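upload.pdb, holding PDB, C-alpha atoms:
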```
ATOM      1  CA  MET A   1      -6.666 -11.166  25.148
ATOM      2  CA  SER A   2      -9.975 -11.330  23.294
ATOM      3  CA  TYR A   3      -8.801  -9.707  20.057
ATOM      4  CA  LEU A   4      -5.818 -12.077  19.708
ATOM      5  CA  SER A   5      -7.530 -14.903  17.857
ATOM      6  CA  ALA A   6      -6.121 -18.397  17.506
ATOM      7  CA  ASN A   7      -5.250 -17.643  13.885
ATOM      8  CA  LEU A   8      -3.369 -14.456  14.745
ATOM      9  CA  ASN A   9      -1.634 -16.091  17.677
ATOM     10  CA  MET A  10      -0.476 -18.845  15.324
ATOM     11  CA  LEU A  11       0.949 -16.303  12.865
ATOM     12  CA  ILE A  12       2.817 -14.372  15.559
ATOM     13  CA  ASN A  13       4.331 -17.496  17.063
ATOM     14  CA  ALA A  14       5.324 -18.855  13.650
ATOM     15  CA  VAL A  15       7.000 -15.588  12.621
ATOM     16  CA  LYS A  16       8.938 -15.277  15.868
ATOM     17  CA  LYS A  17      10.081 -18.881  15.830
ATOM     18  CA  ALA A  18      11.068 -18.775  12.155
ATOM     19  CA  SER A  19      13.025 -15.530  12.531
ATOM     20  CA  ALA A  20      15.083 -16.602  15.565
ATOM     21  CA  SER A  21      17.938 -17.553  13.250
ATOM     22  CA  LEU A  22      17.808 -14.116  11.616
ATOM     23  CA  ASN A  23      18.443 -12.392  14.919
ATOM     24  CA  ARG A  24      21.462 -14.590  15.556
ATOM     25  CA  ASP A  25      22.781 -13.969  12.044
ATOM     26  CA  PHE A  26      22.348 -10.217  12.398
ATOM     27  CA  SER A  27      24.623 -10.215  15.417
ATOM     28  CA  GLU A  28      27.339 -11.776  13.227
ATOM     29  CA  ILE A  29      26.977  -9.577  10.150
ATOM     30  CA  GLU A  30      29.536  -6.918  11.134
ATOM     31  CA  LYS A  31      32.275  -9.524  11.381
ATOM     32  CA  LEU A  32      31.761 -10.459   7.729
ATOM     33  CA  GLN A  33      31.518  -7.045   6.079
ATOM     34  CA  SER A  34      35.259  -6.925   5.368
ATOM     35  CA  SER A  35      34.766  -9.843   2.988
ATOM     36  CA  VAL A  36      32.392  -8.872   0.168
ATOM     37  CA  ARG A  37      31.920 -12.404  -1.099
ATOM     38  CA  GLY A  38      31.641 -13.840   2.369
ATOM     39  CA  TYR A  39      28.996 -11.470   3.644
ATOM     40  CA  LYS A  40      26.850 -11.696   0.511
ATOM     41  CA  GLU A  41      26.751 -15.455   0.782
ATOM     42  CA  PHE A  42      26.037 -15.151   4.490
ATOM     43  CA  VAL A  43      23.043 -12.835   3.868
ATOM     44  CA  ALA A  44      21.648 -15.143   1.168
ATOM     45  CA  SER A  45      21.966 -18.102   3.527
ATOM     46  CA  ALA A  46      20.263 -16.154   6.339
ATOM     47  CA  ILE A  47      17.284 -15.353   4.104
ATOM     48  CA  LYS A  48      16.978 -18.941   2.893
ATOM     49  CA  LYS A  49      16.892 -20.234   6.464
ATOM     50  CA  VAL A  50      14.028 -17.909   7.366
ATOM     51  CA  GLU A  51      12.115 -18.826   4.197
ATOM     52  CA  ASN A  52      12.412 -22.518   4.989
ATOM     53  CA  ASN A  53      11.524 -21.984   8.653
ATOM     54  CA  LEU A  54       8.429 -19.973   7.748
ATOM     55  CA  ARG A  55       7.173 -22.640   5.376
ATOM     56  CA  VAL A  56       7.633 -25.317   8.016
ATOM     57  CA  GLU A  57       6.027 -23.360  10.863
ATOM     58  CA  LEU A  58       3.085 -21.979   8.874
ATOM     59  CA  SER A  59       2.341 -25.289   7.174
ATOM     60  CA  LYS A  60       1.995 -27.005  10.543
ATOM     61  CA  SER A  61      -1.216 -25.055  11.235
ATOM     62  CA  ARG A  62      -2.455 -24.472   7.670
ATOM     63  CA  PRO A  63      -1.183 -27.372   5.529
ATOM     64  CA  SER A  64      -3.694 -26.628   2.765
ATOM     65  CA  TYR A  65      -2.552 -23.025   2.272
ATOM     66  CA  ALA A  66      -0.328 -22.208  -0.681
ATOM     67  CA  PHE A  67       2.555 -19.727  -0.588
ATOM     68  CA  ALA A  68       2.555 -16.746  -2.925
ATOM     69  CA  GLU A  69       5.749 -16.196  -4.923
ATOM     70  CA  ASP A  70       7.182 -12.831  -5.910
ATOM     71  CA  ASN A  71       6.841 -11.873  -9.591
ATOM     72  CA  LYS A  72       4.091 -14.449 -10.072
ATOM     73  CA  PRO A  73       0.284 -14.073  -9.888
ATOM     74  CA  LEU A  74      -1.201 -14.623  -6.442
ATOM     75  CA  PRO A  75      -2.674 -18.131  -5.976
ATOM     76  CA  ASN A  76      -6.439 -18.468  -6.296
ATOM     77  CA  GLY A  77      -7.160 -20.245  -3.017
ATOM     78  CA  PRO A  78      -6.202 -19.403   0.574
ATOM     79  CA  HIS A  79      -2.510 -18.630   0.841
ATOM     80  CA  PHE A  80       0.278 -16.964   2.775
ATOM     81  CA  ILE A  81       2.061 -13.882   1.471
ATOM     82  CA  VAL A  82       5.526 -14.027   3.032
ATOM     83  CA  SER A  83       8.563 -11.766   3.096
ATOM     84  CA  ALA A  84      11.444 -13.557   4.821
ATOM     85  CA  LEU A  85      13.507 -10.367   4.976
ATOM     86  CA  ASP A  86      12.295  -6.918   3.951
ATOM     87  CA  GLY A  87      15.201  -4.495   4.260
ATOM     88  CA  VAL A  88      17.970  -6.748   2.980
ATOM     89  CA  VAL A  89      20.437  -3.885   2.451
ATOM     90  CA  ASN A  90      19.868  -2.579   5.970
ATOM     91  CA  PHE A  91      20.430  -6.058   7.372
ATOM     92  CA  ALA A  92      23.596  -6.527   5.330
ATOM     93  CA  HIS A  93      25.034  -3.242   6.619
ATOM     94  CA  GLY A  94      24.202  -3.893  10.259
ATOM     95  CA  ILE A  95      21.294  -1.418  10.417
ATOM     96  CA  PRO A  96      18.489  -2.757  12.660
ATOM     97  CA  TYR A  97      15.625  -1.664  10.400
ATOM     98  CA  PHE A  98      14.377  -4.820   8.696
ATOM     99  CA  ALA A  99      11.450  -7.171   9.174
ATOM    100  CA  VAL A 100       9.816 -10.510   8.575
ATOM    101  CA  SER A 101       6.313  -9.998   7.223
ATOM    102  CA  VAL A 102       3.491 -12.526   6.818
ATOM    103  CA  ALA A 103      -0.128 -12.076   5.724
ATOM    104  CA  THR A 104      -2.999 -14.467   5.098
ATOM    105  CA  TYR A 105      -5.168 -14.021   2.022
ATOM    106  CA  GLU A 106      -8.539 -15.753   1.980
ATOM    107  CA  ASN A 107     -11.720 -15.378  -0.061
ATOM    108  CA  GLY A 108     -10.308 -12.515  -2.087
ATOM    109  CA  GLN A 109      -9.105 -10.387   0.795
ATOM    110  CA  LEU A 110      -6.317  -9.914   3.306
ATOM    111  CA  THR A 111      -7.461 -11.368   6.609
ATOM    112  CA  ALA A 112      -4.474 -11.145   8.979
ATOM    113  CA  GLY A 113      -0.941  -9.812   9.034
ATOM    114  CA  VAL A 114       2.183  -9.718  11.202
ATOM    115  CA  ILE A 115       5.301  -7.544  10.862
ATOM    116  CA  TYR A 116       8.196  -8.390  13.155
ATOM    117  CA  ASN A 117      11.613  -6.773  13.539
ATOM    118  CA  PRO A 118      13.832  -9.390  15.226
ATOM    119  CA  ALA A 119      16.569  -6.837  15.975
ATOM    120  CA  THR A 120      14.299  -4.664  18.131
ATOM    121  CA  GLU A 121      11.667  -7.309  18.943
ATOM    122  CA  GLU A 122       8.913  -4.945  17.788
ATOM    123  CA  CYS A 123       5.864  -6.854  16.600
ATOM    124  CA  TYR A 124       2.884  -5.317  14.804
ATOM    125  CA  PHE A 125      -0.219  -7.299  13.923
ATOM    126  CA  ALA A 126      -3.737  -6.911  12.602
ATOM    127  CA  GLU A 127      -6.769  -8.984  11.740
ATOM    128  CA  LYS A 128      -9.561  -7.873   9.454
ATOM    129  CA  GLY A 129     -12.316  -6.243  11.471
ATOM    130  CA  ALA A 130     -10.418  -6.527  14.773
ATOM    131  CA  GLY A 131      -8.034  -3.564  14.661
ATOM    132  CA  ALA A 132      -4.259  -3.155  14.492
ATOM    133  CA  TYR A 133      -1.874  -3.466  17.436
ATOM    134  CA  LYS A 134       1.720  -3.308  18.545
ATOM    135  CA  GLU A 135       2.721  -6.067  20.934
ATOM    136  CA  GLY A 136       3.349  -5.042  24.537
ATOM    137  CA  PHE A 137       4.666  -6.905  27.561
ATOM    138  CA  ARG A 138       1.358  -6.870  29.440
ATOM    139  CA  ASN A 139      -1.060  -5.013  27.195
ATOM    140  CA  HIS A 140      -0.991  -4.603  23.444
ATOM    141  CA  GLU A 141      -1.082  -1.038  22.118
ATOM    142  CA  ARG A 142      -3.984  -0.205  19.801
ATOM    143  CA  LEU A 143      -2.692   1.532  16.693
ATOM    144  CA  ARG A 144      -4.211   4.640  15.137
ATOM    145  CA  VAL A 145      -3.036   6.583  12.121
ATOM    146  CA  SER A 146      -2.121  10.229  12.606
ATOM    147  CA  ALA A 147      -4.707  13.008  12.328
ATOM    148  CA  ARG A 148      -2.570  15.525  10.408
ATOM    149  CA  LYS A 149      -4.357  17.311   7.590
ATOM    150  CA  ASP A 150      -1.811  19.748   6.185
ATOM    151  CA  LEU A 151       0.827  18.224   3.930
ATOM    152  CA  ASN A 152       3.389  20.807   5.010
ATOM    153  CA  GLU A 153       3.210  19.300   8.496
ATOM    154  CA  CYS A 154       3.469  15.679   7.357
ATOM    155  CA  MET A 155       6.391  13.269   7.388
ATOM    156  CA  VAL A 156       6.285  10.674   4.646
ATOM    157  CA  ALA A 157       8.373   7.714   3.569
ATOM    158  CA  ALA A 158       8.683   7.914  -0.196
ATOM    159  CA  ARG A 159      10.796   6.062  -2.705
ATOM    160  CA  SER A 160      12.037   8.709  -5.118
ATOM    161  CA  LEU A 161      14.449   6.408  -6.980
ATOM    162  CA  PRO A 162      13.142   3.411  -8.965
ATOM    163  CA  LEU A 163      13.955  -0.122  -7.890
ATOM    164  CA  HIS A 164      13.643  -1.373 -11.453
ATOM    165  CA  GLU A 165      14.604   0.342 -14.677
ATOM    166  CA  ASN A 166      11.203   0.506 -16.308
ATOM    167  CA  ASP A 167       9.295   3.498 -17.625
ATOM    168  CA  HIS A 168       6.409   3.168 -15.185
ATOM    169  CA  GLU A 169       8.523   3.228 -12.038
ATOM    170  CA  ILE A 170      10.731   6.007 -13.377
ATOM    171  CA  ALA A 171       7.634   8.116 -14.125
ATOM    172  CA  CYS A 172       6.201   7.504 -10.627
ATOM    173  CA  CYS A 173       9.477   8.461  -8.973
ATOM    174  CA  ARG A 174       9.696  11.657 -11.019
ATOM    175  CA  LYS A 175       6.195  12.614  -9.877
ATOM    176  CA  ILE A 176       7.176  12.028  -6.252
ATOM    177  CA  GLN A 177      10.321  14.129  -6.686
ATOM    178  CA  ALA A 178       8.532  16.959  -8.460
ATOM    179  CA  HIS A 179       5.255  17.178  -6.559
ATOM    180  CA  VAL A 180       5.299  15.334  -3.212
ATOM    181  CA  ILE A 181       8.712  16.067  -1.722
ATOM    182  CA  PRO A 182       8.367  19.871  -2.059
ATOM    183  CA  ALA A 183       4.878  19.767  -0.492
ATOM    184  CA  VAL A 184       5.600  17.860   2.738
ATOM    185  CA  ASN A 185       7.479  18.738   5.908
ATOM    186  CA  ALA A 186       9.953  15.852   5.610
ATOM    187  CA  CYS A 187      10.564  12.912   3.301
ATOM    188  CA  ARG A 188      12.515   9.822   4.334
ATOM    189  CA  SER A 189      13.630   6.567   2.740
ATOM    190  CA  PHE A 190      14.263   3.980   5.434
ATOM    191  CA  GLY A 191      14.742   0.887   3.277
ATOM    192  CA  ALA A 192      12.071  -1.477   4.636
ATOM    193  CA  THR A 193       8.586  -0.772   3.305
ATOM    194  CA  SER A 194       6.826  -3.180   5.665
ATOM    195  CA  LEU A 195       8.136  -1.308   8.713
ATOM    196  CA  ASP A 196       7.348   2.036   7.077
ATOM    197  CA  LEU A 197       3.736   0.904   6.721
ATOM    198  CA  ALA A 198       3.668  -0.191  10.361
ATOM    199  CA  CYS A 199       4.893   3.288  11.296
ATOM    200  CA  VAL A 200       1.981   4.847   9.385
ATOM    201  CA  ALA A 201      -0.447   2.577  11.249
ATOM    202  CA  ALA A 202       1.174   3.695  14.520
ATOM    203  CA  GLY A 203       0.907   7.400  13.613
ATOM    204  CA  LYS A 204       4.685   7.905  13.468
ATOM    205  CA  LEU A 205       4.668   8.512   9.720
ATOM    206  CA  ASP A 206       1.786  10.111   7.859
ATOM    207  CA  ALA A 207       2.186   8.272   4.541
ATOM    208  CA  VAL A 208       4.159   5.768   2.508
ATOM    209  CA  ILE A 209       4.377   6.467  -1.227
ATOM    210  CA  SER A 210       6.274   4.089  -3.498
ATOM    211  CA  SER A 211       5.971   2.061  -6.679
ATOM    212  CA  GLY A 212       7.163  -1.360  -7.753
ATOM    213  CA  ASN A 213       6.636  -3.029  -4.382
ATOM    214  CA  MET A 214       6.386  -6.785  -4.068
ATOM    215  CA  ALA A 215       3.111  -8.005  -2.563
ATOM    216  CA  SER A 216       5.140  -9.841   0.075
ATOM    217  CA  ASP A 217       6.594  -6.581   1.426
ATOM    218  CA  ILE A 218       3.319  -4.633   1.624
ATOM    219  CA  ALA A 219       0.483  -7.099   2.288
ATOM    220  CA  ALA A 220       0.591  -7.149   6.096
ATOM    221  CA  GLY A 221       1.304  -3.418   6.274
ATOM    222  CA  LEU A 222      -1.650  -2.462   4.095
ATOM    223  CA  LEU A 223      -3.984  -4.389   6.387
ATOM    224  CA  LEU A 224      -2.404  -2.732   9.433
ATOM    225  CA  ILE A 225      -3.096   0.712   8.003
ATOM    226  CA  LYS A 226      -6.697  -0.078   7.101
ATOM    227  CA  GLU A 227      -7.364  -1.517  10.553
ATOM    228  CA  ALA A 228      -5.744   1.567  12.125
ATOM    229  CA  GLY A 229      -8.170   3.856  10.293
ATOM    230  CA  GLY A 230      -5.988   4.772   7.330
ATOM    231  CA  SER A 231      -6.381   4.914   3.575
ATOM    232  CA  VAL A 232      -4.861   2.692   0.871
ATOM    233  CA  LEU A 233      -4.814   3.856  -2.752
ATOM    234  CA  ASP A 234      -3.026   3.081  -5.992
ATOM    235  CA  ILE A 235      -0.673   5.843  -7.159
ATOM    236  CA  GLU A 236      -2.505   6.213 -10.476
ATOM    237  CA  GLN A 237      -6.010   5.576  -9.148
ATOM    238  CA  LYS A 238      -8.353   8.058 -10.828
ATOM    239  CA  ASP A 239     -11.498   7.525  -8.765
ATOM    240  CA  ILE A 240     -10.563   7.597  -5.066
ATOM    241  CA  ARG A 241     -14.086   7.564  -3.696
ATOM    242  CA  SER A 242     -13.630   3.872  -2.946
ATOM    243  CA  GLU A 243     -10.658   1.638  -2.247
ATOM    244  CA  ASP A 244      -9.627  -1.612  -3.890
ATOM    245  CA  MET A 245      -7.093  -3.307  -1.618
ATOM    246  CA  ASP A 246      -6.724  -6.275  -3.937
ATOM    247  CA  PHE A 247      -5.859  -4.039  -6.892
ATOM    248  CA  VAL A 248      -3.306  -2.062  -4.865
ATOM    249  CA  LEU A 249      -1.735  -5.258  -3.573
ATOM    250  CA  ARG A 250      -1.301  -6.582  -7.084
ATOM    251  CA  SER A 251      -0.076  -3.313  -8.602
ATOM    252  CA  GLY A 252       2.490  -2.602  -5.880
ATOM    253  CA  ASP A 253       2.120   1.163  -6.445
ATOM    254  CA  ILE A 254       0.942   2.534  -3.122
ATOM    255  CA  ILE A 255      -0.284   5.628  -1.362
ATOM    256  CA  ALA A 256      -0.848   4.383   2.191
ATOM    257  CA  CYS A 257      -1.661   7.176   4.594
ATOM    258  CA  ASN A 258      -3.964   8.680   7.178
ATOM    259  CA  ALA A 259      -7.444   9.266   5.817
ATOM    260  CA  ASN A 260      -7.079  13.056   5.769
ATOM    261  CA  ILE A 261      -4.319  13.368   3.194
ATOM    262  CA  GLY A 262      -5.010  10.605   0.670
ATOM    263  CA  LYS A 263      -6.854  12.864  -1.779
ATOM    264  CA  LYS A 264      -4.230  15.607  -1.481
ATOM    265  CA  ILE A 265      -1.374  13.229  -2.296
ATOM    266  CA  SER A 266      -3.353  11.600  -5.096
ATOM    267  CA  ASP A 267      -4.103  15.001  -6.620
ATOM    268  CA  LEU A 268      -0.394  15.910  -6.544
ATOM    269  CA  LEU A 269       0.598  12.682  -8.271
ATOM    270  CA  ASN A 270      -2.123  12.857 -10.931
ATOM    271  CA  LYS A 271      -1.872  16.449 -12.071
TER     272      LYS A 271
END
```
Written as structure tokens, that's how I'd like the structure from this file.
Amino acid sequence: MSYLSANLNMLINAVKKASASLNRDFSEIEKLQSSVRGYKEFVASAIKKVENNLRVELSKSRPSYAFAEDNKPLPNGPHFIVSALDGVVNFAHGIPYFAVSVATYENGQLTAGVIYNPATEECYFAEKGAGAYKEGFRNHERLRVSARKDLNECMVAARSLPLHENDHEIACCRKIQAHVIPAVNACRSFGATSLDLACVAAGKLDAVISSGNMASDIAAGLLLIKEAGGSVLDIEQKDIRSEDMDFVLRSGDIIACNANIGKKISDLLNK
């Protein structure tokens, strides 16, 4: 179809091909859970295979692109931001809520992104200026964020426990516990931020609020939400009249939501 560019088609095909081994490994994970050492090694091996496959497949079409690495500054030139497995714990426990996520970053901005759950074969994708979609058999479904305005009617995915023991993340989580959770209709923690972001783009969730995220787990999802008409802010952003996607990507502290509730959530978190 016209909106599926050659670049986006390349990304989708590369992600699906690279993650084929992950789907096979997921079907075997239950057999290994009785052996703690065995299943941990199995999961690590499964992730490594996908990482290697992604590098091979993506480099075929864009050999000059670098690959961003977690916990390191993003490269200066064009590069891929790759998460071989977001939702590792879910995968390890046989829960089919995990994803492979890939984004392209060019000229200082996110330009394309793909989020794929091999267990359910759900594929979400977006390209800057061309909208966000969920793959369909014949026609792809255009994604739109929800239109809810009242927080007490909203369902959000929020991380209320820190991933890392540092003061900043602990403070953010305390704010979420104290101010956001009591204000919304329902709060969930599903364990795979990339898929949570895709759910916001699809209007299933109204917001994702969490700190300490790796760029690899949020890059494609942030673009999806923007292309679906949503809002992307930093948790501690003081002036929300404009958005800075690059800053949010690098900080990892996100309020990603429909455009109606961004200010309300920001106000709660910055009292």
Rows by chain and residue number, region 113-190 of chain A within 10 Å of region 84-88 of chain A, shortest pair, only C-alpha atoms, as a tab-separated table:
```
residue	atom	partner	partner_atom	distance
A:Ile115	CA	A:Asp86	CA	9.9
A:Tyr116	CA	A:Leu85	CA	10.0
A:Asn117	CA	A:Leu85	CA	9.5
A:Phe190	CA	A:Gly87	CA	8.6
```
Could you please take those selected residues and save C-alpha atoms as a PDB file, in the frame of the given file?
```pdb
ATOM      1  CA  ILE A 115       5.301  -7.544  10.862  1.00  0.00           C
ATOM      2  CA  TYR A 116       8.196  -8.390  13.155  1.00  0.00           C
ATOM      3  CA  ASN A 117      11.613  -6.773  13.539  1.00  0.00           C
ATOM      4  CA  PHE A 190      14.263   3.980   5.434  1.00  0.00           C
TER       5      PHE A 190
END
```
Residue by residue, what does the PyMOL selection byres ((chain A and resi 96-113) around 8) grab here? Present the result as number ranges by chain. A: 8, 11, 15, 19, 77-88, 90-91, 94-95, 114-120, 125-128, 190-192, 194-195, 216-217, 219-221, 223-224, 245-246
Hey, what's within 12 Å of Phe247 (chain A) if we count only C-alpha atoms and toss same-chain stuff fewer than 6 positions away? As number ranges by chain, please? A: 74, 108-110, 215, 219, 222, 232-237, 253-254
Taking the file above as input, evaluate the PyMOL selection byres ((chain A and resi 181) around 12) and report the hits as a ChimeraX atom specification. /A:151-152,154-160,173-180,182-189,207,209,265,268-269
Go through A:Asn166, A:Asn76, A:Thr193, A:Asn9 and flag the residue nearest Ser61 (chain A), using all atoms listed in the file for the distances.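 For Ser61 (chain A), the nearest of the given residues is A:Asn9.
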Between CA of Gly212 (chain A) and CA of Pro75 (chain A), what is the spacing in Å?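 If I compute the distance from CA of Pro75 (chain A) to CA of Gly212 (chain A), I get 19.5 Å.
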Could you list, as a list in words, every residue within 12 Å of Asp25 (chain A), counting only C-alpha atoms and ignoring same-chain residues fewer than 4 positions away?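 Once the adjacent positions are removed, what remains is Ser19, Ala20, Ser21, Ile29, Glu30, Lys31, Leu32, Tyr39, Phe42, Val43, Ala44, Ser45, Ala46, Ile47, Lys48, Lys49, Val50, Phe91, Ala92, Gly94, Pro118 and Ala119 of chain A.
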What is the CA of Pro73 (chain A) to CA of Arg250 (chain A) distance in Å?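 One can read the CA of Pro73 (chain A) to CA of Arg250 (chain A) distance as 8.2 Å.
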When the PyMOL selection byres ((chain A and resi 144) around 10) is applied to the structure above, which residues does it catch, written out as a list in words?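 Checking the PyMOL selection byres ((chain A and resi 144) around 10) against this file, the residues are Gly131, Ala132, Tyr133, Glu141, Arg142, Leu143, Val145, Ser146, Ala147, Cys199, Val200, Ala201, Ala202, Gly203, Lys204, Leu224, Ile225, Lys226, Glu227, Ala228, Gly229, Gly230 and Asn258 of chain A.
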Distance CA of Asp196 (chain A)-CA of Val208 (chain A), one decimal place?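 Value for the CA of Asp196 (chain A)-CA of Val208 (chain A) distance: 6.7 Å.
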Which residue of A:Lys238, A:His168, A:Arg148, A:Lys263 approaches Asp206 (chain A) most closely, using only C-alpha atoms: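 Ranked by minimum distance to Asp206 (chain A), first place goes to A:Arg148.
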Distance criterion (only C-alpha atoms): nearest to Ser59 (chain A) out of A:Lys134, A:Ala18, A:Ser242, A:Leu4: A:Ala18
Please rebuild region 136-150 of chain A with N, CA, C and O atoms and return the result as a tab-separated table (two decimals), in the coordinates of the input.
```tsv
chain	number	residue	atom	x	y	z
A	136	GLY	N	2.79	-5.57	23.30
A	136	GLY	CA	3.35	-5.04	24.54
A	136	GLY	C	3.59	-6.17	25.52
A	136	GLY	O	3.12	-7.30	25.33
A	137	PHE	N	4.32	-5.87	26.58
A	137	PHE	CA	4.67	-6.90	27.56
A	137	PHE	C	3.42	-7.42	28.28
A	137	PHE	O	3.20	-8.62	28.40
A	138	ARG	N	2.60	-6.48	28.76
A	138	ARG	CA	1.36	-6.87	29.44
A	138	ARG	C	0.13	-6.59	28.58
A	138	ARG	O	-0.77	-7.42	28.48
A	139	ASN	N	0.08	-5.40	28.01
A	139	ASN	CA	-1.06	-5.01	27.20
A	139	ASN	C	-0.58	-4.60	25.81
A	139	ASN	O	0.45	-3.93	25.68
A	140	HIS	N	-1.34	-4.99	24.80
A	140	HIS	CA	-0.99	-4.60	23.44
A	140	HIS	C	-1.53	-3.21	23.14
A	140	HIS	O	-2.63	-2.85	23.55
A	141	GLU	N	-0.74	-2.43	22.41
A	141	GLU	CA	-1.08	-1.04	22.12
A	141	GLU	C	-1.93	-0.95	20.85
A	141	GLU	O	-1.51	-1.38	19.78
A	142	ARG	N	-3.12	-0.39	20.98
A	142	ARG	CA	-3.98	-0.20	19.80
A	142	ARG	C	-3.39	0.87	18.91
A	142	ARG	O	-3.01	1.95	19.38
A	143	LEU	N	-3.30	0.59	17.63
A	143	LEU	CA	-2.69	1.53	16.69
A	143	LEU	C	-3.74	2.41	16.03
A	143	LEU	O	-4.83	1.94	15.66
A	144	ARG	N	-3.38	3.68	15.85
A	144	ARG	CA	-4.21	4.64	15.14
A	144	ARG	C	-3.33	5.48	14.23
A	144	ARG	O	-2.25	5.91	14.64
A	145	VAL	N	-3.79	5.70	13.02
A	145	VAL	CA	-3.04	6.58	12.12
A	145	VAL	C	-3.07	8.01	12.65
A	145	VAL	O	-3.91	8.35	13.49
A	146	SER	N	-2.18	8.84	12.16
A	146	SER	CA	-2.12	10.23	12.61
A	146	SER	C	-3.36	10.99	12.13
A	146	SER	O	-4.10	10.55	11.25
A	147	ALA	N	-3.55	12.18	12.70
A	147	ALA	CA	-4.71	13.01	12.33
A	147	ALA	C	-4.29	14.25	11.54
A	147	ALA	O	-5.10	15.14	11.33
A	148	ARG	N	-3.04	14.33	11.11
A	148	ARG	CA	-2.57	15.52	10.41
A	148	ARG	C	-3.32	15.72	9.10
A	148	ARG	O	-3.58	14.78	8.37
A	149	LYS	N	-3.61	16.98	8.80
A	149	LYS	CA	-4.36	17.31	7.59
A	149	LYS	C	-3.55	18.12	6.59
A	149	LYS	O	-3.82	18.07	5.39
A	150	ASP	N	-2.60	18.88	7.06
A	150	ASP	CA	-1.81	19.75	6.18
A	150	ASP	C	-0.54	19.04	5.74
A	150	ASP	O	0.26	18.59	6.57
```
